[in-house]
Structures are given as structure tokens and as C-alpha cells.
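K.L.:
Supplied structure: structure-v4.cif, mmCIF, C-alpha atoms.
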data_protein
loop_
_atom_site.label_atom_id
_atom_site.label_comp_id
_atom_site.auth_asym_id
_atom_site.auth_seq_id
_atom_site.Cartn_x
_atom_site.Cartn_y
_atom_site.Cartn_z
CA MET A 1 -17.35 6.62 2.34
CA GLY A 2 -16.39 10.25 2.40
CA PRO A 3 -18.32 12.92 0.56
CA GLN A 4 -15.93 12.79 -2.38
CA GLU A 5 -16.21 9.08 -2.85
CA HIS A 6 -19.24 8.00 -4.71
CA ARG A 7 -19.85 5.00 -6.81
CA HIS A 8 -20.05 4.61 -10.48
CA ASP A 9 -20.72 0.94 -10.17
CA GLY A 10 -24.33 1.29 -9.22
CA GLY A 11 -27.28 3.41 -10.21
CA HIS A 12 -26.95 6.78 -11.84
CA ASP A 13 -29.44 8.86 -9.99
CA HIS A 14 -26.95 11.27 -8.43
CA ASP A 15 -27.07 14.93 -9.25
CA HIS A 16 -23.90 16.29 -7.73
CA ASP A 17 -20.63 17.47 -9.19
CA HIS A 18 -18.17 14.83 -10.22
CA ALA A 19 -15.29 14.57 -7.80
CA GLU A 20 -13.32 12.98 -10.63
CA ILE A 21 -13.45 16.09 -12.72
CA GLY A 22 -10.20 17.88 -12.24
CA GLN A 23 -9.20 21.50 -12.63
CA ALA A 24 -9.56 21.30 -16.38
CA GLY A 25 -13.16 20.18 -15.91
CA ARG A 26 -12.38 16.77 -17.35
CA PRO A 27 -11.63 13.47 -15.68
CA GLY A 28 -8.19 12.12 -16.47
CA TYR A 29 -7.35 9.39 -18.95
CA TYR A 30 -6.42 6.85 -16.30
CA GLU A 31 -9.53 7.55 -14.28
CA ILE A 32 -11.64 6.91 -17.35
CA MET A 33 -9.69 3.69 -17.90
CA GLU A 34 -10.32 2.59 -14.30
CA THR A 35 -14.04 3.18 -14.60
CA ALA A 36 -14.23 1.50 -18.02
CA ILE A 37 -12.38 -1.62 -16.83
CA ARG A 38 -14.50 -1.87 -13.69
CA GLU A 39 -17.76 -1.49 -15.61
CA LEU A 40 -16.72 -4.06 -18.23
CA LEU A 41 -15.79 -6.58 -15.52
CA VAL A 42 -19.15 -6.04 -13.82
CA GLU A 43 -21.00 -6.40 -17.15
CA LYS A 44 -19.18 -9.68 -17.76
CA ARG A 45 -20.17 -10.79 -14.24
CA LEU A 46 -16.52 -11.38 -13.34
CA ILE A 47 -16.87 -9.10 -10.32
CA GLY A 48 -20.00 -8.13 -8.43
CA PRO A 49 -21.56 -4.68 -8.86
CA ASP A 50 -21.01 -3.78 -5.20
CA GLU A 51 -17.61 -5.36 -4.57
CA ILE A 52 -15.43 -2.32 -5.21
CA ARG A 53 -17.45 -0.13 -2.88
CA ARG A 54 -17.37 -2.79 -0.18
CA GLN A 55 -13.61 -3.24 -0.53
CA ILE A 56 -13.14 0.54 -0.22
CA GLU A 57 -14.97 0.28 3.10
CA VAL A 58 -12.56 -2.47 4.16
CA LEU A 59 -9.56 -0.36 3.13
CA ASP A 60 -10.95 2.64 5.02
CA SER A 61 -11.34 0.51 8.14
CA ARG A 62 -7.60 -0.32 8.24
CA THR A 63 -5.37 2.20 9.99
CA PRO A 64 -2.17 2.04 12.05
CA ALA A 65 -4.39 2.08 15.16
CA LEU A 66 -4.92 -1.65 14.60
CA GLY A 67 -1.19 -2.33 14.56
CA ALA A 68 -0.78 -0.14 17.63
CA LYS A 69 -3.33 -2.26 19.47
CA VAL A 70 -1.35 -5.39 18.60
CA VAL A 71 1.92 -3.83 19.78
CA ALA A 72 0.47 -2.58 23.07
CA ARG A 73 -1.04 -5.99 23.80
CA ALA A 74 2.34 -7.64 23.12
CA TRP A 75 4.00 -5.22 25.58
CA VAL A 76 1.61 -6.02 28.43
CA ASP A 77 0.94 -9.70 27.77
CA PRO A 78 4.05 -11.92 27.41
CA GLU A 79 1.98 -14.91 26.32
CA PHE A 80 0.39 -12.89 23.55
CA ARG A 81 3.82 -11.58 22.57
CA ARG A 82 5.06 -15.16 22.27
CA ARG A 83 2.12 -16.12 20.07
CA LEU A 84 2.53 -12.94 17.97
CA LEU A 85 6.18 -13.69 17.26
CA ALA A 86 5.34 -17.31 16.45
CA ASP A 87 2.50 -16.50 14.03
CA GLY A 88 1.71 -12.85 13.42
CA ARG A 89 -1.45 -13.42 11.47
CA ALA A 90 -3.04 -15.81 13.98
CA ALA A 91 -2.28 -13.44 16.87
CA CYS A 92 -3.79 -10.47 15.02
CA GLU A 93 -6.86 -12.52 14.18
CA GLU A 94 -7.12 -13.31 17.88
CA LEU A 95 -7.62 -9.55 18.42
CA GLY A 96 -10.34 -9.49 15.78
CA ILE A 97 -8.17 -8.14 12.93
CA SER A 98 -9.17 -10.08 9.82
CA PHE A 99 -6.78 -10.62 6.91
CA TYR A 100 -8.58 -9.77 3.71
CA ASP A 101 -5.59 -10.73 1.61
CA ASP A 102 -3.90 -14.09 1.43
CA THR A 103 -0.69 -13.11 3.19
CA ARG A 104 1.41 -14.39 6.07
CA LEU A 105 2.55 -11.92 8.71
CA ILE A 106 5.95 -12.16 10.39
CA VAL A 107 6.43 -9.86 13.38
CA LEU A 108 10.02 -8.73 13.99
CA GLU A 109 10.90 -7.72 17.52
CA ASN A 110 13.22 -4.81 18.22
CA THR A 111 15.52 -5.42 21.18
CA ASP A 112 18.57 -3.83 22.77
CA LYS A 113 20.66 -5.75 20.24
CA VAL A 114 18.57 -5.63 17.04
CA HIS A 115 16.71 -2.88 15.20
CA ASN A 116 14.40 -3.99 12.39
CA LEU A 117 13.51 -2.02 9.29
CA ILE A 118 11.04 -3.01 6.56
CA VAL A 119 11.37 -2.09 2.91
CA CYS A 120 9.79 -3.56 -0.20
CA THR A 121 12.52 -3.03 -2.77
CA LEU A 122 10.53 -4.35 -5.76
CA CYS A 123 7.25 -2.56 -5.20
CA SER A 124 5.14 -1.74 -2.16
CA CYS A 125 4.29 -4.91 -0.21
CA TYR A 126 3.09 -3.82 3.21
CA PRO A 127 1.06 -5.31 6.10
CA ARG A 128 -2.14 -3.59 4.92
CA PRO A 129 -4.62 -5.51 7.08
CA VAL A 130 -2.94 -4.13 10.23
CA LEU A 131 -1.51 -0.78 9.03
CA GLY A 132 -3.72 0.34 6.14
CA LEU A 133 -2.09 1.67 2.97
CA PRO A 134 1.60 2.62 2.96
CA PRO A 135 2.79 6.25 2.80
CA ASP A 136 4.08 7.53 -0.52
CA TRP A 137 7.73 7.63 0.56
CA TYR A 138 7.57 3.87 1.22
CA LYS A 139 6.61 3.34 -2.43
CA LEU A 140 9.13 5.74 -3.98
CA LYS A 141 12.62 5.04 -5.29
CA PRO A 142 14.84 6.70 -2.66
CA TYR A 143 13.55 4.57 0.23
CA ARG A 144 13.27 1.36 -1.80
CA ALA A 145 16.72 1.75 -3.33
CA ARG A 146 18.71 2.84 -0.29
CA ALA A 147 17.13 1.12 2.72
CA VAL A 148 18.87 -2.18 1.93
CA SER A 149 22.33 -0.82 1.21
CA GLU A 150 22.63 2.05 3.69
CA PRO A 151 19.91 1.55 6.31
CA ARG A 152 21.69 3.62 8.96
CA ALA A 153 21.89 6.62 6.63
CA VAL A 154 18.22 6.18 5.74
CA LEU A 155 17.27 5.93 9.41
CA ALA A 156 19.28 9.08 10.14
CA GLU A 157 17.15 10.93 7.59
CA PHE A 158 14.17 10.03 9.76
CA GLY A 159 16.07 11.34 12.77
CA THR A 160 16.83 7.85 14.06
CA ILE A 161 20.39 7.13 15.15
CA ILE A 162 21.04 3.47 15.92
CA PRO A 163 24.12 2.85 18.11
CA ASP A 164 26.92 0.95 16.39
CA ASP A 165 26.61 -2.01 18.75
CA VAL A 166 22.98 -2.54 17.71
CA GLU A 167 22.51 -4.66 14.60
CA VAL A 168 20.24 -3.17 11.93
CA ARG A 169 18.27 -5.89 10.19
CA VAL A 170 16.41 -5.05 6.98
CA SER A 171 13.54 -7.27 5.83
CA ASP A 172 12.07 -7.20 2.33
CA PRO A 173 8.51 -8.55 2.09
CA THR A 174 6.94 -10.39 -0.85
CA ALA A 175 3.47 -10.76 -2.32
CA MET A 176 2.82 -13.57 0.16
CA VAL A 177 4.88 -12.72 3.25
CA ARG A 178 4.60 -9.37 5.03
CA TYR A 179 6.45 -7.95 8.01
CA LEU A 180 5.51 -5.78 10.99
CA VAL A 181 8.02 -4.35 13.46
CA LEU A 182 7.30 -4.83 17.15
CA PRO A 183 9.05 -1.71 18.50
CA LYS A 184 10.68 -1.48 21.91
CA ARG A 185 8.49 -0.27 24.74
CA PRO A 186 9.85 3.10 25.82
CA GLU A 187 11.24 3.62 29.28
CA GLY A 188 9.07 5.49 31.73
CA THR A 189 5.85 3.82 30.61
CA GLU A 190 5.69 1.21 33.39
CA ASN A 191 2.46 2.67 34.74
CA TYR A 192 0.76 3.21 31.39
CA SER A 193 -2.44 1.36 30.60
CA GLU A 194 -2.63 -0.76 27.46
CA GLU A 195 -4.68 1.98 25.83
CA GLN A 196 -2.15 4.69 26.76
CA LEU A 197 0.62 2.52 25.34
CA ALA A 198 -1.24 2.00 22.07
CA ALA A 199 -1.55 5.78 21.71
CA LEU A 200 2.27 6.02 21.61
CA VAL A 201 2.64 3.61 18.71
CA THR A 202 2.68 5.23 15.27
CA ARG A 203 2.75 3.83 11.74
CA ASP A 204 6.41 4.71 11.24
CA THR A 205 7.46 2.88 14.42
CA MET A 206 5.94 -0.30 12.99
CA ILE A 207 7.80 0.15 9.68
CA GLY A 208 10.91 0.59 11.81
CA VAL A 209 12.03 4.06 10.71
CA VAL A 210 11.56 5.61 14.15
CA PRO A 211 11.46 4.31 17.72
CA VAL A 212 8.45 4.69 19.99
CA THR A 213 9.06 7.57 22.35
CA VAL A 214 7.02 9.31 24.99
CA GLU A 215 8.48 12.67 23.92
CA LEU A 216 7.43 12.21 20.29
CA ARG A 217 3.84 11.99 21.37
CA ARG A 218 4.05 15.06 23.56
CA ALA A 219 5.65 17.06 20.76
CA ALA A 220 2.91 16.01 18.36
CA ARG A 221 0.19 17.23 20.66
CA MET B 1 30.51 -5.67 -18.26
CA THR B 2 28.98 -4.65 -21.56
CA ASP B 3 27.06 -1.41 -21.65
CA THR B 4 23.74 -3.27 -21.93
CA GLU B 5 24.32 -6.03 -19.39
CA HIS B 6 22.71 -4.04 -16.59
CA LEU B 7 19.46 -3.88 -18.58
CA LEU B 8 19.09 -7.65 -18.29
CA LYS B 9 20.25 -7.86 -14.71
CA ARG B 10 18.05 -5.07 -13.42
CA LEU B 11 14.43 -4.90 -14.53
CA PRO B 12 12.65 -1.59 -13.84
CA ASN B 13 11.29 -2.63 -10.41
CA ASP B 14 14.59 -4.05 -9.21
CA ILE B 15 16.09 -0.98 -7.58
CA GLY B 16 17.14 -2.33 -4.18
CA GLY B 17 20.70 -1.22 -3.40
CA LEU B 18 20.98 1.39 -6.13
CA PRO B 19 22.14 4.90 -5.26
CA ALA B 20 19.26 7.35 -4.95
CA GLU B 21 18.26 10.77 -3.66
CA PRO B 22 17.57 11.58 0.00
CA ILE B 23 14.16 10.49 1.19
CA GLN B 24 11.40 13.07 1.01
CA GLN B 25 8.79 12.10 3.58
CA THR B 26 5.91 12.59 1.18
CA ASP B 27 2.38 11.31 1.39
CA HIS B 28 -1.00 12.20 -0.07
CA GLU B 29 -4.63 11.35 0.46
CA LEU B 30 -5.65 9.02 -2.32
CA GLU B 31 -7.86 10.44 -5.05
CA PRO B 32 -11.23 8.66 -5.20
CA TRP B 33 -10.26 6.91 -8.44
CA GLU B 34 -6.93 5.82 -6.91
CA LYS B 35 -8.75 4.23 -4.01
CA ARG B 36 -11.14 2.52 -6.41
CA CYS B 37 -8.12 1.28 -8.35
CA HIS B 38 -6.65 -0.15 -5.16
CA ALA B 39 -9.96 -1.83 -4.31
CA LEU B 40 -10.11 -3.19 -7.87
CA ALA B 41 -6.68 -4.76 -7.39
CA ASP B 42 -7.88 -6.49 -4.22
CA VAL B 43 -11.10 -7.70 -5.84
CA LEU B 44 -9.21 -9.02 -8.90
CA ASP B 45 -6.96 -10.90 -6.47
CA PHE B 46 -9.92 -12.30 -4.49
CA HIS B 47 -11.41 -13.70 -7.72
CA LYS B 48 -8.04 -15.06 -8.85
CA ILE B 49 -8.28 -12.97 -12.03
CA ILE B 50 -5.01 -11.07 -11.38
CA ASN B 51 -2.91 -11.82 -8.30
CA THR B 52 -0.42 -9.51 -6.58
CA GLU B 53 2.63 -10.99 -8.28
CA GLU B 54 1.00 -10.83 -11.71
CA LYS B 55 0.21 -7.18 -11.05
CA ARG B 56 3.82 -6.47 -10.06
CA ARG B 57 5.13 -8.18 -13.19
CA GLY B 58 2.50 -6.35 -15.25
CA VAL B 59 3.85 -3.05 -13.95
CA GLU B 60 7.40 -4.15 -14.74
CA ALA B 61 6.35 -5.13 -18.25
CA LEU B 62 5.30 -1.53 -18.91
CA GLY B 63 8.99 -0.82 -19.33
CA ALA B 64 11.34 1.65 -17.74
CA GLU B 65 9.93 4.76 -19.41
CA MET B 66 6.35 4.20 -18.27
CA VAL B 67 7.45 2.97 -14.83
CA GLY B 68 9.38 6.22 -14.52
CA LYS B 69 6.71 8.60 -15.81
CA LEU B 70 3.35 7.22 -14.72
CA THR B 71 2.12 7.66 -11.15
CA TYR B 72 1.68 4.64 -8.89
CA TYR B 73 -1.97 3.93 -9.64
CA GLU B 74 -1.63 4.93 -13.30
CA ARG B 75 0.88 2.09 -13.56
CA TRP B 76 -1.53 -0.29 -11.88
CA ILE B 77 -4.50 0.42 -14.14
CA ALA B 78 -2.30 0.29 -17.26
CA ALA B 79 -0.94 -3.07 -16.09
CA PHE B 80 -4.45 -4.38 -15.42
CA ALA B 81 -5.55 -3.45 -18.93
CA ASN B 82 -2.60 -5.27 -20.49
CA ILE B 83 -3.00 -8.36 -18.32
CA LEU B 84 -6.74 -8.54 -19.05
CA PHE B 85 -5.94 -8.34 -22.79
CA GLN B 86 -3.32 -11.08 -22.46
CA LYS B 87 -5.76 -13.33 -20.63
CA GLY B 88 -8.42 -12.74 -23.27
CA ILE B 89 -10.80 -11.28 -20.69
CA LEU B 90 -11.02 -7.91 -22.45
CA THR B 91 -10.04 -6.80 -25.92
CA PRO B 92 -8.32 -3.50 -26.66
CA GLU B 93 -11.23 -2.49 -28.88
CA GLU B 94 -13.80 -3.24 -26.20
CA LEU B 95 -11.89 -1.14 -23.67
CA ALA B 96 -11.45 1.73 -26.13
CA ARG B 97 -15.19 1.77 -26.85
CA LYS B 98 -16.05 1.66 -23.16
CA MET B 99 -13.63 4.48 -22.39
CA ASP B 100 -15.28 6.60 -25.10
CA ALA B 101 -18.67 5.82 -23.62
CA VAL B 102 -17.56 6.72 -20.07
CA GLU B 103 -16.02 9.97 -21.25
CA THR B 104 -19.13 10.90 -23.23
CA ARG B 105 -21.39 10.07 -20.31
CA TRP B 106 -19.34 12.17 -17.88
CA SER B 107 -19.16 15.08 -20.33
CA SER B 108 -22.93 15.09 -20.74
CA GLU B 109 -23.46 14.80 -16.98
CA ALA B 110 -21.06 17.70 -16.43
CA ALA B 111 -22.95 19.78 -18.99
CA GLU B 112 -26.30 19.25 -17.25
#
Is it possible to express this structure as C-alpha cells?
P.N.:
Amino acid sequence: MGPQEHRHDGGHDHDHDHAEIGQAGRPGYYEIMETAIRELLVEKRLIGPDEIRRQIEVLDSRTPALGAKVVARAWVDPEFRRRLLADGRAACEELGISFYDDTRLIVLENTDKVHNLIVCTLCSCYPRPVLGLPPDWYKLKPYRARAVSEPRAVLAEFGTIIPDDVEVRVSDPTAMVRYLVLPKRPEGTENYSEEQLAALVTRDTMIGVVPVTVELRRAAR
Amino acid sequence: MTDTEHLLKRLPNDIGGLPAEPIQQTDHELEPWEKRCHALADVLDFHKIINTEEKRRGVEALGAEMVGKLTYYERWIAAFANILFQKGILTPEELARKMDAVETRWSSEAAE
């Protein structure tokens, strides 16, 4: 837990400033509601007193680095790639990535003929166990509304131009079934180690809005 | 098409395919309470108190105005309150009293 995250579900022996207190010196209405609901559920013994804090630790442990590890392994190990495409969840679990939610994972492979893009049009379904929480733009109207009807225009806004002879396939996850894009391995990485490959793979490449490039990484450095 | 037909065919969450603005590549670090709200959603799902689809429908049931004006996690916590009332797990009065108590407690702690 970071310094700003403390619990209100346990003892009350802390003597520091409240992170929840905003500029006006008062916590917001919805924050008060969140705390009240949580405390009532604990009092009624419907949830355990430590469960929220423990789940925050789980959420904090999930970052796109996990997905990148999966992608890099699939690039170097054809047998793993086969298993990953057959059952995404089982293959991730093989690498020690547990699924804390009750979801299936379907991994969609980008090829020379197909480019995959993921959008949850109804809300914000996302492969959280392997990527962490989604970025805000993934949850906002412009991406959700347009990605299904004009994916090439949306991709262009991310700087991604897909050639006309490559099919763009858009997949819309549900509460139970989530998607992860297996991006194409960039050219010129034949001598890269698995670890070096994983370092090239970003969150957005696994949502499908950008390709994995060697240049991108250099520019970011 | 009548002028109200679209209201039945498109609930507030159902925006796939609609025209919309260019994408702003925005993101923010979650506020501590937002992260707790997310963890609460997961824990409610683990205990089969409120699952992901019930949460989504709960957000939709807030109606277009609230879906449009509340932030992401504000919608979630408002939906949780309503669903917990509907399931008889909490009462509105109980929540109101608890919210008063939390606010009073925080005010007195802040004054210390």
C-alpha cells in the first residue's frame, strides 16, 4: 500500500492527515458512501474486516508486465503459444498468474492478415488479472462508441495505420469472457532474449491500439 | 421511427457504434477511495453478493442523467447502494445514518 492508502476497515489508532480530505477539507459524498457501505457490510459479517485491504494488494500486484511476460513467452515458445491460443487462462496460470475473478481469457493473435482490437462497448470489461486496471480512455464514450463502427479511424488516432489488405477484427468482452491481444513480434528482434522481448510489450499493444515496435521503446527511453 | 423509440432500443450503457468525439488518451491514478471501491466490487463478487453483470445493470439503472454526470466509481458506489437496498441487505435509513456517523467521525478527526 502506498503512503496515501490507509485503511478505515481496521483499528483507528492512526494520527495522520486524511488522504480522503480534499481541497475543501472535507471528504466527498461518494467517498463517505463507500466507507459507510464497507463498514456496514463488515458489521453484518458479510465481508471480512481485512478483505478490502487484501484485494487492494492483489489489484496493485497486477500490471501490464504480467501480460508482457505471457506475450514474450508465446513468441519464443511455439508450444506455449499453441496452449495460450487454445486456453488463455490455463496458459497464464502455467506462468503463475492467478485469476482472482471468475473469467475466461481468449487470446487473439495478430498476424500479417489480421489485426485485433479490444473494446468493451457496454462498460469496461478488461483482462485485469494479466493487465491490471484499464486506462480511462478505455472506459470513456469516444473509444467505446467508435471502436466497433470505425476501428481504422480509432486506430489512426493512436497513430496506428493498418494496411487495407489486413483485416481489422474488433472483439467486445463480457462479464465472463475477456480478451487479450497477442501482438506481432517486431522484425529485428531475432536475437532478443525473452526478457528483452517482454520489455517491448506495452499495455496498449495488448489492447490492440498500437503494434509492438523496437523504435517505440527507444523513443520512450 | 418515433421520437422515443431510441430510448427503448438504447439503454444508457449501450453506446457501441454511436458517433462520438475523438479519443483523448486520458488516464489518472486512482484516488484511494476509488481503489477501495474497485476492491469492494471484487469482494462483493467473490461473496456472490453482487456480481459483475448485476453491477453493470445497476449502473444502467441509474439512468442516463446520472450515467452522464457521475464519475466512473461514483456510478459504481451509487449502484451498489441501490442493489444492496433491493436485496434487503441494507436499508436506505441505515446507510444514511452510517454516512452521517462517518462524516462526523472524519470531521472530528480532522479537527484534532
K.L.:
Determine the residue set returned by the PyMOL selection byres ((chain B) within 7 of (chain A)) for the present structure, and present it as a PyMOL selection string.
P.N.:
chain B and resi 13-28+32-33+35-37+39-40+43+52-53+74+77+95+98-99+102-103
K.L.:
Go through A:Ala156, A:Leu95, A:Thr63, A:Thr103 and flag the residue nearest Asp45 (chain B), using all atoms listed in the file for the distances.
P.N.:
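Residue with the minimum atom-to-atom distance to Asp45 (chain B): A:Thr103.
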K.L.:
Rounded to one decimal in Å, what is the spacing between CA of Leu8 (chain B) and CA of Tyr126 (chain A)?
P.N.:
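So the two atoms, CA of Leu8 (chain B) and CA of Tyr126 (chain A), lie 27.1 Å apart.
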K.L.:
Here's the selection I'm unsure about, the PyMOL selection byres ((chain A and resi 183) around 7); applied to the file above, which residues does it give, as a list in words?
P.N.:
Glu109, Asn110, Val181, Leu182, Lys184, Arg185, Thr205, Met206, Pro211 and Val212 of chain A
K.L.:
Keeping only C-alpha atoms, take the residues you just selected and write them out as a short mmCIF file (atom, residue, chain, number, x, y, z; two decimals), keeping the file's coordinate frame.
P.N.:
data_model
loop_
_atom_site.label_atom_id
_atom_site.label_comp_id
_atom_site.auth_asym_id
_atom_site.auth_seq_id
_atom_site.Cartn_x
_atom_site.Cartn_y
_atom_site.Cartn_z
CA GLU A 109 10.90 -7.72 17.52
CA ASN A 110 13.22 -4.81 18.22
CA VAL A 181 8.02 -4.35 13.46
CA LEU A 182 7.30 -4.83 17.15
CA LYS A 184 10.68 -1.48 21.91
CA ARG A 185 8.49 -0.27 24.74
CA THR A 205 7.46 2.88 14.42
CA MET A 206 5.94 -0.30 12.99
CA PRO A 211 11.46 4.31 17.72
CA VAL A 212 8.45 4.69 19.99
#
K.L.:
Counting all atoms listed in the file, which residue out of B:Ala61, B:His6, B:Ala78, B:Leu70 sits closest to Ala41 (chain B)?
P.N.:
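Answer, going by the shortest atom-to-atom distance: B:Ala78.
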K.L.:
May I ask which of the residues B:Gly63, B:Thr4, B:Lys9, B:Leu84 is the closest one to Leu44 (chain B), counting all atoms listed in the file?
P.N.:
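Answer, going by the shortest atom-to-atom distance: B:Leu84.
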K.L.:
Apply the PyMOL selection byres ((chain A and resi 113) around 10) to the structure shown and report the selected residues as an MDAnalysis selection string.
P.N.:
chainID A and resid 110:112 114:115 163:168
K.L.:
Would you mind exporting C-alpha atoms of the selected residues as a PDB file, keeping the file's coordinate frame?
P.N.:
ATOM      1  CA  ASN A 110      13.220  -4.810  18.220  1.00  0.00           C
ATOM      2  CA  THR A 111      15.520  -5.420  21.180  1.00  0.00           C
ATOM      3  CA  ASP A 112      18.570  -3.830  22.770  1.00  0.00           C
ATOM      4  CA  VAL A 114      18.570  -5.630  17.040  1.00  0.00           C
ATOM      5  CA  HIS A 115      16.710  -2.880  15.200  1.00  0.00           C
ATOM      6  CA  PRO A 163      24.120   2.850  18.110  1.00  0.00           C
ATOM      7  CA  ASP A 164      26.920   0.950  16.390  1.00  0.00           C
ATOM      8  CA  ASP A 165      26.610  -2.010  18.750  1.00  0.00           C
ATOM      9  CA  VAL A 166      22.980  -2.540  17.710  1.00  0.00           C
ATOM     10  CA  GLU A 167      22.510  -4.660  14.600  1.00  0.00           C
ATOM     11  CA  VAL A 168      20.240  -3.170  11.930  1.00  0.00           C
TER      12      VAL A 168
END
K.L.:
Could you jot down the CA of Gly68 (chain B) to CA of Arg152 (chain A) separation for me, Å, one decimal place?
P.N.:
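Taking CA of Gly68 (chain B) and CA of Arg152 (chain A), their separation equals 26.6 Å.
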K.L.:
So what do you get for CA of Ile83 (chain B) versus CA of Asp50 (chain A), distance-wise?
P.N.:
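Answer for the CA of Ile83 (chain B) to CA of Asp50 (chain A) separation: 22.7 Å.
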K.L.:
Which residue out of A:Val130, A:Val42, A:Ala86, A:Thr213 has the minimum interatomic distance to Thr160 (chain A) when all atoms listed in the file are used?
P.N.:
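Checking each candidate against Thr160 (chain A), we get A:Thr213 as the closest.
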K.L.:
Would you please work out which residue, of B:Glu29, B:Glu34, B:Glu112, B:Glu65, is nearest to Leu11 (chain B) when using only C-alpha atoms?
P.N.:
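The closest residue to Leu11 (chain B) is B:Glu65.
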K.L.:
Under the rule that only C-alpha atoms are counted, which of B:His38, B:Arg105, B:Arg10, B:Lys87 is the nearest residue to Ala64 (chain B)?
P.N.:
B:Arg10
K.L.:
Would you mind putting N, CA and C atoms back on region 61-79 of chain B and writing the result as a PDB file, keeping the file's coordinate frame?
P.N.:
ATOM      1  N   ALA B  61       6.411  -4.947 -16.802  1.00  0.00           N
ATOM      2  CA  ALA B  61       6.350  -5.130 -18.250  1.00  0.00           C
ATOM      3  C   ALA B  61       5.987  -3.843 -18.994  1.00  0.00           C
ATOM      4  N   LEU B  62       5.563  -2.824 -18.261  1.00  0.00           N
ATOM      5  CA  LEU B  62       5.300  -1.530 -18.910  1.00  0.00           C
ATOM      6  C   LEU B  62       6.590  -0.921 -19.441  1.00  0.00           C
ATOM      7  N   GLY B  63       7.711  -1.347 -18.871  1.00  0.00           N
ATOM      8  CA  GLY B  63       8.990  -0.820 -19.330  1.00  0.00           C
ATOM      9  C   GLY B  63       9.446   0.377 -18.513  1.00  0.00           C
ATOM     10  N   ALA B  64      10.734   0.645 -18.608  1.00  0.00           N
ATOM     11  CA  ALA B  64      11.340   1.650 -17.740  1.00  0.00           C
ATOM     12  C   ALA B  64      10.751   3.042 -17.942  1.00  0.00           C
ATOM     13  N   GLU B  65      10.421   3.402 -19.184  1.00  0.00           N
ATOM     14  CA  GLU B  65       9.930   4.760 -19.410  1.00  0.00           C
ATOM     15  C   GLU B  65       8.585   4.982 -18.718  1.00  0.00           C
ATOM     16  N   MET B  66       7.658   4.032 -18.912  1.00  0.00           N
ATOM     17  CA  MET B  66       6.350   4.200 -18.270  1.00  0.00           C
ATOM     18  C   MET B  66       6.449   4.059 -16.756  1.00  0.00           C
ATOM     19  N   VAL B  67       7.274   3.118 -16.285  1.00  0.00           N
ATOM     20  CA  VAL B  67       7.450   2.970 -14.830  1.00  0.00           C
ATOM     21  C   VAL B  67       7.958   4.296 -14.247  1.00  0.00           C
ATOM     22  N   GLY B  68       8.816   4.969 -15.010  1.00  0.00           N
ATOM     23  CA  GLY B  68       9.380   6.220 -14.520  1.00  0.00           C
ATOM     24  C   GLY B  68       8.415   7.409 -14.592  1.00  0.00           C
ATOM     25  N   LYS B  69       7.528   7.407 -15.575  1.00  0.00           N
ATOM     26  CA  LYS B  69       6.710   8.600 -15.810  1.00  0.00           C
ATOM     27  C   LYS B  69       5.280   8.522 -15.282  1.00  0.00           C
ATOM     28  N   LEU B  70       4.720   7.320 -15.215  1.00  0.00           N
ATOM     29  CA  LEU B  70       3.350   7.220 -14.720  1.00  0.00           C
ATOM     30  C   LEU B  70       3.344   7.237 -13.197  1.00  0.00           C
ATOM     31  N   THR B  71       2.236   7.715 -12.613  1.00  0.00           N
ATOM     32  CA  THR B  71       2.120   7.660 -11.150  1.00  0.00           C
ATOM     33  C   THR B  71       1.782   6.219 -10.744  1.00  0.00           C
ATOM     34  N   TYR B  72       1.848   5.983  -9.452  1.00  0.00           N
ATOM     35  CA  TYR B  72       1.680   4.640  -8.890  1.00  0.00           C
ATOM     36  C   TYR B  72       0.411   3.943  -9.401  1.00  0.00           C
ATOM     37  N   TYR B  73      -0.731   4.587  -9.220  1.00  0.00           N
ATOM     38  CA  TYR B  73      -1.970   3.930  -9.640  1.00  0.00           C
ATOM     39  C   TYR B  73      -2.198   4.004 -11.135  1.00  0.00           C
ATOM     40  N   GLU B  74      -1.601   4.941 -11.828  1.00  0.00           N
ATOM     41  CA  GLU B  74      -1.630   4.930 -13.300  1.00  0.00           C
ATOM     42  C   GLU B  74      -0.930   3.670 -13.811  1.00  0.00           C
ATOM     43  N   ARG B  75       0.182   3.315 -13.160  1.00  0.00           N
ATOM     44  CA  ARG B  75       0.880   2.090 -13.560  1.00  0.00           C
ATOM     45  C   ARG B  75      -0.006   0.867 -13.315  1.00  0.00           C
ATOM     46  N   TRP B  76      -0.680   0.880 -12.177  1.00  0.00           N
ATOM     47  CA  TRP B  76      -1.530  -0.290 -11.880  1.00  0.00           C
ATOM     48  C   TRP B  76      -2.623  -0.479 -12.919  1.00  0.00           C
ATOM     49  N   ILE B  77      -3.350   0.593 -13.239  1.00  0.00           N
ATOM     50  CA  ILE B  77      -4.500   0.420 -14.140  1.00  0.00           C
ATOM     51  C   ILE B  77      -4.013   0.074 -15.544  1.00  0.00           C
ATOM     52  N   ALA B  78      -2.860   0.637 -15.947  1.00  0.00           N
ATOM     53  CA  ALA B  78      -2.300   0.290 -17.260  1.00  0.00           C
ATOM     54  C   ALA B  78      -1.901  -1.183 -17.279  1.00  0.00           C
ATOM     55  N   ALA B  79      -1.324  -1.653 -16.173  1.00  0.00           N
ATOM     56  CA  ALA B  79      -0.940  -3.070 -16.090  1.00  0.00           C
ATOM     57  C   ALA B  79      -2.173  -3.959 -16.132  1.00  0.00           C
TER      58      ALA B  79
END
